[in-house]
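Have a look at target_0.tsv; it's TSV, C-alpha atoms:
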chain	number	residue	atom	x	y	z
C	1	MET	CA	-0.25	-10.15	30.16
C	2	SER	CA	1.28	-10.36	26.70
C	3	PRO	CA	0.09	-7.77	24.22
C	4	ARG	CA	-2.26	-9.18	21.59
C	5	VAL	CA	-1.60	-8.50	17.95
C	6	GLY	CA	-4.27	-9.17	15.35
C	7	VAL	CA	-3.03	-10.08	11.89
C	8	VAL	CA	-5.57	-9.42	9.14
C	9	LEU	CA	-6.12	-12.23	6.65
C	10	PHE	CA	-7.54	-11.29	3.26
C	11	PRO	CA	-8.10	-13.79	0.48
C	12	GLY	CA	-4.65	-13.70	-1.15
C	13	SER	CA	-2.62	-12.67	1.92
C	14	ASN	CA	0.44	-14.88	2.23
C	15	CYS	CA	2.61	-13.47	5.02
C	16	GLU	CA	0.15	-13.70	7.89
C	17	GLN	CA	1.66	-16.85	9.43
C	18	ASP	CA	5.16	-15.35	9.30
C	19	ALA	CA	3.85	-12.32	11.20
C	20	VAL	CA	2.06	-14.51	13.76
C	21	GLU	CA	5.19	-16.63	14.30
C	22	ALA	CA	7.44	-13.58	14.65
C	23	ILE	CA	5.14	-11.90	17.18
C	24	ARG	CA	4.88	-15.10	19.25
C	25	ASP	CA	8.64	-15.58	19.11
C	26	LEU	CA	9.02	-12.06	20.52
C	27	GLY	CA	6.74	-12.93	23.42
C	28	GLY	CA	3.50	-11.45	22.16
C	29	ASP	CA	0.14	-13.09	21.55
C	30	ALA	CA	-1.00	-13.18	17.96
C	31	GLU	CA	-4.25	-14.09	16.29
C	32	ILE	CA	-5.57	-14.07	12.75
C	33	LEU	CA	-8.40	-11.64	12.01
C	34	TRP	CA	-10.63	-12.58	9.06
C	35	HIS	CA	-11.17	-9.71	6.61
C	36	GLY	CA	-14.90	-10.48	6.37
C	37	ASP	CA	-15.51	-9.75	10.07
C	38	ALA	CA	-16.48	-6.20	10.91
C	39	SER	CA	-14.63	-6.26	14.24
C	40	ILE	CA	-11.03	-6.64	15.38
C	41	GLY	CA	-12.07	-7.87	18.83
C	42	ASP	CA	-9.92	-6.69	21.70
C	43	VAL	CA	-6.47	-6.80	20.12
C	44	ASP	CA	-3.85	-4.25	21.20
C	45	ALA	CA	-2.28	-3.78	17.77
C	46	VAL	CA	-3.00	-4.71	14.17
C	47	ILE	CA	-0.70	-5.95	11.40
C	48	VAL	CA	-1.90	-5.82	7.80
C	49	PRO	CA	0.42	-8.41	6.27
C	50	GLY	CA	1.95	-8.93	2.85
C	51	GLY	CA	0.55	-10.89	-0.05
C	52	PHE	CA	-1.92	-10.18	-2.82
C	53	ALA	CA	-5.14	-9.22	-1.05
C	54	HIS	CA	-8.09	-9.89	-3.37
C	55	GLY	CA	-5.61	-10.80	-6.09
C	56	ASP	CA	-4.38	-7.19	-6.30
C	57	TYR	CA	-7.19	-6.72	-8.84
C	58	LEU	CA	-7.63	-3.18	-10.15
C	59	ARG	CA	-4.70	-1.95	-7.99
C	60	PRO	CA	-2.96	-3.47	-4.96
C	61	GLY	CA	-5.12	-2.70	-1.95
C	62	ALA	CA	-7.96	-1.15	-3.97
C	63	ILE	CA	-10.47	-3.86	-3.15
C	64	ALA	CA	-9.07	-4.85	0.26
C	65	ARG	CA	-9.95	-1.37	1.40
C	66	PHE	CA	-13.65	-2.30	1.13
C	67	SER	CA	-13.35	-5.47	3.22
C	68	PRO	CA	-15.64	-5.26	6.28
C	69	ILE	CA	-12.70	-5.36	8.72
C	70	MET	CA	-11.19	-2.17	7.32
C	71	GLY	CA	-13.86	-0.03	9.02
C	72	ALA	CA	-12.80	-1.45	12.40
C	73	VAL	CA	-9.11	-1.06	11.56
C	74	THR	CA	-9.71	2.58	10.58
C	75	ASN	CA	-11.59	3.31	13.81
C	76	PHE	CA	-8.85	1.65	15.83
C	77	ALA	CA	-6.17	3.70	14.03
C	78	GLN	CA	-8.12	6.93	14.47
C	79	ALA	CA	-8.41	6.20	18.20
C	80	GLY	CA	-4.61	5.96	18.37
C	81	GLY	CA	-4.22	2.19	18.06
C	82	ALA	CA	-1.00	0.81	16.60
C	83	VAL	CA	-1.43	-0.39	13.01
C	84	VAL	CA	1.41	-1.62	10.81
C	85	GLY	CA	1.07	-2.42	7.11
C	86	ILE	CA	3.83	-4.57	5.64
C	87	CYS	CA	4.34	-4.70	1.87
C	88	ASN	CA	0.85	-5.36	0.45
C	89	GLY	CA	-0.41	-4.15	3.83
C	90	PHE	CA	1.30	-0.79	3.17
C	91	GLN	CA	-0.50	-0.63	-0.18
C	92	VAL	CA	-3.80	-1.40	1.59
C	93	LEU	CA	-3.24	1.37	4.15
C	94	THR	CA	-2.50	3.98	1.45
C	95	GLU	CA	-5.60	2.95	-0.51
C	96	ALA	CA	-7.63	3.14	2.71
C	97	GLY	CA	-6.40	6.68	3.29
C	98	LEU	CA	-4.67	5.80	6.59
C	99	LEU	CA	-1.32	6.76	5.07
C	100	PRO	CA	-0.64	9.31	2.31
C	101	GLY	CA	0.84	8.59	-1.12
C	102	ALA	CA	0.76	5.51	-3.31
C	103	LEU	CA	2.95	2.57	-4.35
C	104	GLN	CA	3.73	2.32	-8.05
C	105	LYS	CA	5.43	-0.33	-10.12
C	106	ASN	CA	9.16	-0.55	-9.40
C	107	ARG	CA	11.46	1.57	-11.50
C	108	GLY	CA	12.92	-0.95	-13.94
C	109	LEU	CA	9.74	-3.06	-13.92
C	110	LYS	CA	11.37	-5.91	-12.02
C	111	PHE	CA	9.82	-7.93	-9.26
C	112	LEU	CA	12.37	-7.55	-6.46
C	113	CYS	CA	13.11	-10.42	-4.10
C	114	THR	CA	16.28	-9.74	-2.17
C	115	THR	CA	17.59	-8.49	1.16
C	116	VAL	CA	18.30	-4.77	1.43
C	117	SER	CA	19.81	-2.38	3.96
C	118	LEU	CA	17.50	0.11	5.61
C	119	ARG	CA	18.46	3.10	7.70
C	120	VAL	CA	16.35	4.06	10.68
C	121	VAL	CA	15.46	7.73	10.18
C	122	SER	CA	13.00	8.33	12.98
C	123	THR	CA	12.41	6.43	16.20
C	124	ASP	CA	9.21	8.33	16.87
C	125	SER	CA	6.76	5.69	15.60
C	126	VAL	CA	5.13	2.49	16.81
C	127	LEU	CA	7.48	0.42	14.64
C	128	THR	CA	10.81	2.09	15.34
C	129	SER	CA	10.73	3.26	18.96
C	130	GLU	CA	13.13	0.50	20.08
C	131	ALA	CA	15.56	1.00	17.19
C	132	ALA	CA	18.30	3.63	17.07
C	133	ILE	CA	18.49	6.57	14.67
C	134	GLY	CA	21.03	5.80	11.95
C	135	GLN	CA	20.95	2.08	12.72
C	136	GLU	CA	21.25	-0.09	9.60
C	137	LEU	CA	18.95	-3.08	9.30
C	138	ARG	CA	19.16	-5.94	6.80
C	139	ILE	CA	15.58	-6.80	5.87
C	140	PRO	CA	14.11	-8.73	2.90
C	141	ILE	CA	11.96	-7.07	0.25
C	142	ASN	CA	9.60	-8.93	-2.04
C	143	HIS	CA	7.51	-6.69	-4.26
C	144	PHE	CA	6.62	-5.46	-7.73
C	145	GLU	CA	4.80	-2.32	-6.69
C	146	GLY	CA	6.96	-0.79	-3.98
C	147	ASN	CA	7.94	2.47	-5.62
C	148	TYR	CA	6.59	5.00	-3.14
C	149	THR	CA	5.31	8.22	-4.62
C	150	CYS	CA	3.35	11.21	-3.37
C	151	SER	CA	2.70	14.84	-4.24
C	152	PRO	CA	5.60	17.28	-3.60
C	153	GLN	CA	3.39	18.85	-0.93
C	154	THR	CA	2.90	15.54	0.90
C	155	LEU	CA	6.62	14.80	0.63
C	156	ALA	CA	7.45	18.16	2.18
C	157	GLU	CA	5.01	17.41	5.00
C	158	LEU	CA	6.48	13.95	5.63
C	159	GLN	CA	9.97	15.45	5.77
C	160	ALA	CA	9.03	18.41	7.95
C	161	GLU	CA	7.12	16.24	10.43
C	162	ASN	CA	9.87	13.61	10.57
C	163	ARG	CA	7.41	10.98	9.31
C	164	ILE	CA	9.82	9.10	7.06
C	165	VAL	CA	10.80	6.36	9.49
C	166	LEU	CA	12.93	4.08	7.27
C	167	ARG	CA	14.98	4.79	4.15
C	168	TYR	CA	16.73	2.43	1.73
C	169	VAL	CA	20.50	2.75	1.90
C	170	ASP	CA	20.63	1.81	-1.80
C	171	ASN	CA	17.24	2.59	-3.37
C	172	PRO	CA	16.07	-0.61	-5.13
C	173	ASN	CA	12.74	0.48	-6.61
C	174	GLY	CA	12.75	4.20	-7.38
C	175	SER	CA	10.87	5.34	-4.26
C	176	VAL	CA	10.89	9.11	-3.85
C	177	ASP	CA	13.45	10.28	-1.28
C	178	ASP	CA	14.54	6.61	-0.78
C	179	ILE	CA	11.43	6.05	1.33
C	180	ALA	CA	11.02	2.49	2.66
C	181	GLY	CA	8.54	3.30	5.43
C	182	ILE	CA	6.43	6.21	6.70
C	183	CYS	CA	4.12	6.89	9.61
C	184	SER	CA	0.86	8.77	10.09
C	185	SER	CA	0.72	12.20	11.70
C	186	GLY	CA	-0.31	10.45	14.94
C	187	ARG	CA	2.77	8.19	14.51
C	188	ASN	CA	0.63	5.14	15.35
C	189	VAL	CA	0.12	3.93	11.77
C	190	VAL	CA	3.23	2.75	9.93
C	191	GLY	CA	3.58	1.34	6.43
C	192	LEU	CA	6.73	-0.21	4.99
C	193	MET	CA	7.58	-2.33	1.95
C	194	PRO	CA	10.31	-4.51	3.58
C	195	HIS	CA	9.36	-7.57	5.64
C	196	PRO	CA	10.61	-7.38	9.25
C	197	GLU	CA	8.66	-10.56	10.09
C	198	ARG	CA	10.99	-12.47	7.77
C	199	ALA	CA	14.08	-11.20	9.57
C	200	CYS	CA	13.43	-12.48	13.08
C	201	SER	CA	15.53	-15.63	13.16
C	202	GLU	CA	19.21	-16.40	12.59
C	203	LEU	CA	18.06	-19.43	10.62
C	204	LEU	CA	16.46	-17.12	8.08
C	205	GLY	CA	19.56	-14.97	7.69
C	206	SER	CA	18.80	-11.88	9.77
C	207	THR	CA	17.34	-10.88	13.10
C	208	ASP	CA	17.21	-7.19	12.22
C	209	GLY	CA	13.42	-7.24	12.06
C	210	ARG	CA	13.21	-7.97	15.77
C	211	PRO	CA	13.73	-4.40	17.08
C	212	LEU	CA	10.95	-3.24	14.75
C	213	LEU	CA	8.36	-5.80	15.81
C	214	HIS	CA	9.52	-5.46	19.40
C	215	SER	CA	8.67	-1.74	19.09
C	216	LEU	CA	5.16	-2.72	17.99
C	217	LEU	CA	4.76	-4.93	21.06
C	218	VAL	CA	5.93	-2.07	23.29
C	219	ALA	CA	3.35	0.22	21.64
C	220	ALA	CA	0.68	-2.46	22.04
C	221	ARG	CA	1.28	-2.51	25.80
C	222	LEU	CA	0.49	1.18	26.04
C	223	PRO	CA	-3.20	2.06	26.08
C	224	ALA	CA	-4.25	3.57	22.75
H	1	MET	CA	-32.08	5.41	-19.07
H	2	VAL	CA	-29.16	3.09	-19.65
H	3	PHE	CA	-25.74	4.43	-20.61
H	4	THR	CA	-22.64	2.67	-21.83
H	5	VAL	CA	-19.53	3.96	-20.16
H	6	HIS	CA	-15.88	3.78	-21.10
H	7	VAL	CA	-13.41	4.91	-18.45
H	8	ASP	CA	-9.84	5.46	-19.58
H	9	VAL	CA	-7.44	5.40	-16.61
H	10	GLN	CA	-4.06	7.00	-17.19
H	11	LEU	CA	-1.11	7.78	-14.96
H	12	ARG	CA	-1.09	11.48	-14.22
H	13	PRO	CA	1.34	13.66	-16.14
H	14	GLY	CA	4.72	13.60	-14.45
H	15	ILE	CA	4.18	10.18	-12.87
H	16	ALA	CA	6.82	7.79	-14.20
H	17	ASP	CA	5.40	5.01	-16.36
H	18	PRO	CA	7.93	2.15	-16.44
H	19	GLN	CA	5.70	0.06	-18.73
H	20	GLY	CA	5.35	2.90	-21.22
H	21	SER	CA	9.08	3.63	-21.27
H	22	THR	CA	9.96	-0.05	-21.68
H	23	ILE	CA	7.62	-0.30	-24.69
H	24	GLU	CA	9.06	2.91	-26.10
H	25	ARG	CA	12.63	1.69	-25.75
H	26	SER	CA	11.87	-1.64	-27.44
H	27	LEU	CA	10.14	-0.16	-30.51
H	28	PRO	CA	13.30	0.82	-32.44
H	29	THR	CA	14.61	-2.75	-32.21
H	30	LEU	CA	11.53	-3.78	-34.20
H	31	GLY	CA	12.13	-1.07	-36.74
H	32	PHE	CA	9.48	1.37	-35.46
H	33	VAL	CA	11.14	4.73	-35.22
H	34	GLY	CA	9.80	8.11	-34.19
H	35	VAL	CA	7.34	6.82	-31.58
H	36	GLU	CA	7.32	9.01	-28.49
H	37	GLU	CA	5.53	9.50	-25.17
H	38	VAL	CA	4.17	5.97	-24.82
H	39	ARG	CA	1.86	5.76	-21.80
H	40	VAL	CA	0.11	2.61	-20.62
H	41	GLY	CA	-3.26	2.82	-18.90
H	42	LYS	CA	-6.40	0.83	-18.23
H	43	SER	CA	-9.64	0.69	-20.11
H	44	ILE	CA	-12.77	-0.11	-18.13
H	45	ARG	CA	-16.22	-0.52	-19.73
H	46	PHE	CA	-19.61	-0.96	-18.10
H	47	ARG	CA	-23.27	-0.01	-18.31
H	48	ILE	CA	-25.10	2.13	-15.81
H	49	GLU	CA	-28.74	3.01	-15.29
H	50	ALA	CA	-29.63	6.55	-14.25
H	51	ARG	CA	-32.42	9.11	-14.51
H	52	ASP	CA	-30.56	11.27	-17.02
H	53	GLU	CA	-27.12	11.87	-18.44
H	54	ALA	CA	-26.02	14.38	-15.80
H	55	THR	CA	-26.89	11.93	-13.00
H	56	ALA	CA	-25.05	9.11	-14.76
H	57	GLN	CA	-22.02	11.36	-15.29
H	58	ALA	CA	-21.99	12.34	-11.61
H	59	HIS	CA	-22.20	8.69	-10.50
H	60	VAL	CA	-19.37	7.65	-12.79
H	61	GLU	CA	-17.18	10.55	-11.65
H	62	ASP	CA	-17.74	9.53	-8.04
H	63	LEU	CA	-16.96	5.90	-8.90
H	64	CYS	CA	-13.73	6.93	-10.61
H	65	GLN	CA	-12.65	9.15	-7.75
H	66	ARG	CA	-13.36	6.64	-5.00
H	67	PHE	CA	-12.57	3.32	-6.64
H	68	LEU	CA	-11.52	3.01	-10.26
H	69	THR	CA	-8.55	5.37	-9.92
H	70	ASN	CA	-6.04	6.19	-7.25
H	71	PRO	CA	-6.14	9.99	-7.48
H	72	VAL	CA	-2.59	10.23	-6.12
H	73	ILE	CA	-1.19	8.78	-9.34
H	74	GLU	CA	-4.04	8.36	-11.83
H	75	ASP	CA	-6.56	10.41	-13.82
H	76	ALA	CA	-9.65	9.14	-15.57
H	77	SER	CA	-11.42	10.35	-18.67
H	78	ILE	CA	-15.02	9.30	-19.06
H	79	GLU	CA	-16.96	8.60	-22.24
H	80	LEU	CA	-20.66	8.16	-21.67
H	81	LYS	CA	-23.29	7.34	-24.32
H	82	VAL	CA	-26.97	6.47	-24.26
H	83	ASP	CA	-27.25	2.73	-24.79
H	84	VAL	CA	-29.60	2.70	-27.78
H	85	GLY	CA	-29.98	-1.07	-27.61
H	86	ALA	CA	-31.35	-1.03	-24.06
H	87	ARG	CA	-35.06	-1.15	-23.39
H	88	ALA	CA	-36.52	2.05	-22.04
Target format structure tokens, applied to this file:
Amino acid sequence: MSPRVGVVLFPGSNCEQDAVEAIRDLGGDAEILWHGDASIGDVDAVIVPGGFAHGDYLRPGAIARFSPIMGAVTNFAQAGGAVVGICNGFQVLTEAGLLPGALQKNRGLKFLCTTVSLRVVSTDSVLTSEAAIGQELRIPINHFEGNYTCSPQTLAELQAENRIVLRYVDNPNGSVDDIAGICSSGRNVVGLMPHPERACSELLGSTDGRPLLHSLLVAARLPA
Amino acid sequence: MVFTVHVDVQLRPGIADPQGSTIERSLPTLGFVGVEEVRVGKSIRFRIEARDEATAQAHVEDLCQRFLTNPVIEDASIELKVDVGARA
């Protein structure tokens, strides 16, 4: 049976269909989960996609965190379930306390819409297990608030526990320690600003997102 | 009792403020010199009903901590006054 990935749809999400398409193209099952439902059903993994959940009012992710589905997502993550937040989804996961730190406005105050090179730093996470350490991936970014920041203490922890999973080769937004993606201490929750779901087809310019989402499907097959 | 509340949300000291620095850099081109340490924040106003001032203060602090600010990057200062116009 194909692993089932639930993709959360908030009012203002706009990358959910890309995520669904990419997962299906990789041989997984995908379904949309409405943010107003308090359950995620029996999915094997969850993607919190990009966009502008609840209009990004107050702060990106600040209101999405209170959507009924977030309780179920939190329980799933705490039980070891694989949860990936992409772009706005990363912001939602930090606001929800599932990942440490915060995403600030980009250094230079520019909205960035381009393709960047990422380096795989750790393969010990649900999003990078099928990639190789040191591998370079060309993946699009599309954000205004992607400048990752955290306390020096948290940064030291992330480094010591090998929880920085992806770094920018050429830091586009001012993120501390070139961080593009991190994972939770359980390594089952990953947040990243770049969009692997948009790099899954030659037609779209890159297939480098495939090993990442393939990793998620591998994790989804394993019981949480 | 009803209180009027003004919450001033600011980036914490040491957190880069690209909006503030952009404003600061553009001021000299308009002839404003000597302006330093520009920081941009948010101003949030509301009214709240509570038994007394201490209770209202505690509620607002909780609200700031859990919702109005992201404590990783932001601080809030709270101004709280009895709303004299409100009916008792």
task = For chain H, list the residues within 12 Å of chain C, counting only C-alpha atoms, and write the list as a ChimeraX atom specification.
result = /H:9,11-12,14-23,41-44,64-74
TODO: For Ala54 (chain H), list every protein, DNA or RNA residue within 12 Å, evaluated using all atoms listed in the file, and leave out those in the same chain fewer than 5 positions away; present the list as a list in words.
DONE: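 Result of the neighbour search: Met1, Phe3, Glu49, His59, Val60, Glu61, Leu80, Lys81 and Val82 of chain H.
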Check: Using all atoms listed in the file, which residues sit within 12 Å of Pro140 (chain C) once same-chain residues fewer than 4 positions away are excluded, as a PyMOL selection string?
Finding: chain C and resi 86-87+112-118+168+172+180+192-200+204-209
Quick one: distance from CA of Ala45 (chain C) to CA of Ile32 (chain C) in Å, one decimal?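 Between CA of Ala45 (chain C) and CA of Ile32 (chain C) the gap is 11.9 Å.
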Just how far from CA of Ser175 (chain C) is CA of Arg187 (chain C), in Å to one decimal?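 Computing it gives 20.6 Å between the two atoms.
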Give as a PDB file with C-alpha atoms, keeping the file's coordinate frame the set of residues within 9 Å of the point (-14.3, 9.9, -23.6), where distances use the file's coordinates and only C-alpha atoms.
ATOM      1  CA  VAL H   5     -19.530   3.960 -20.160  1.00  0.00           C
ATOM      2  CA  HIS H   6     -15.880   3.780 -21.100  1.00  0.00           C
ATOM      3  CA  VAL H   7     -13.410   4.910 -18.450  1.00  0.00           C
ATOM      4  CA  ASP H   8      -9.840   5.460 -19.580  1.00  0.00           C
ATOM      5  CA  SER H  77     -11.420  10.350 -18.670  1.00  0.00           C
ATOM      6  CA  ILE H  78     -15.020   9.300 -19.060  1.00  0.00           C
ATOM      7  CA  GLU H  79     -16.960   8.600 -22.240  1.00  0.00           C
ATOM      8  CA  LEU H  80     -20.660   8.160 -21.670  1.00  0.00           C
TER       9      LEU H  80
END
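Across the structure, CA of Ala64 (chain C) and CA of Val46 (chain C) are spaced 15.2 Å apart.
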- Message: With distances taken over only C-alpha atoms, which residue among C:Ile47, C:Ile182, C:Ala160, C:Ile40 lies nearest Ile23 (chain C)?
- Response: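 Comparing C:Ile47, C:Ile182, C:Ala160, C:Ile40 against Ile23 (chain C), the winner is C:Ile47.
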Point to revise | Selection: 8 Å around Gly50 (chain C), all atoms listed in the file, excl. self and same-chain fewer than 5 positions, as a PyMOL selection string | key: chain C and resi 13-16+85-89
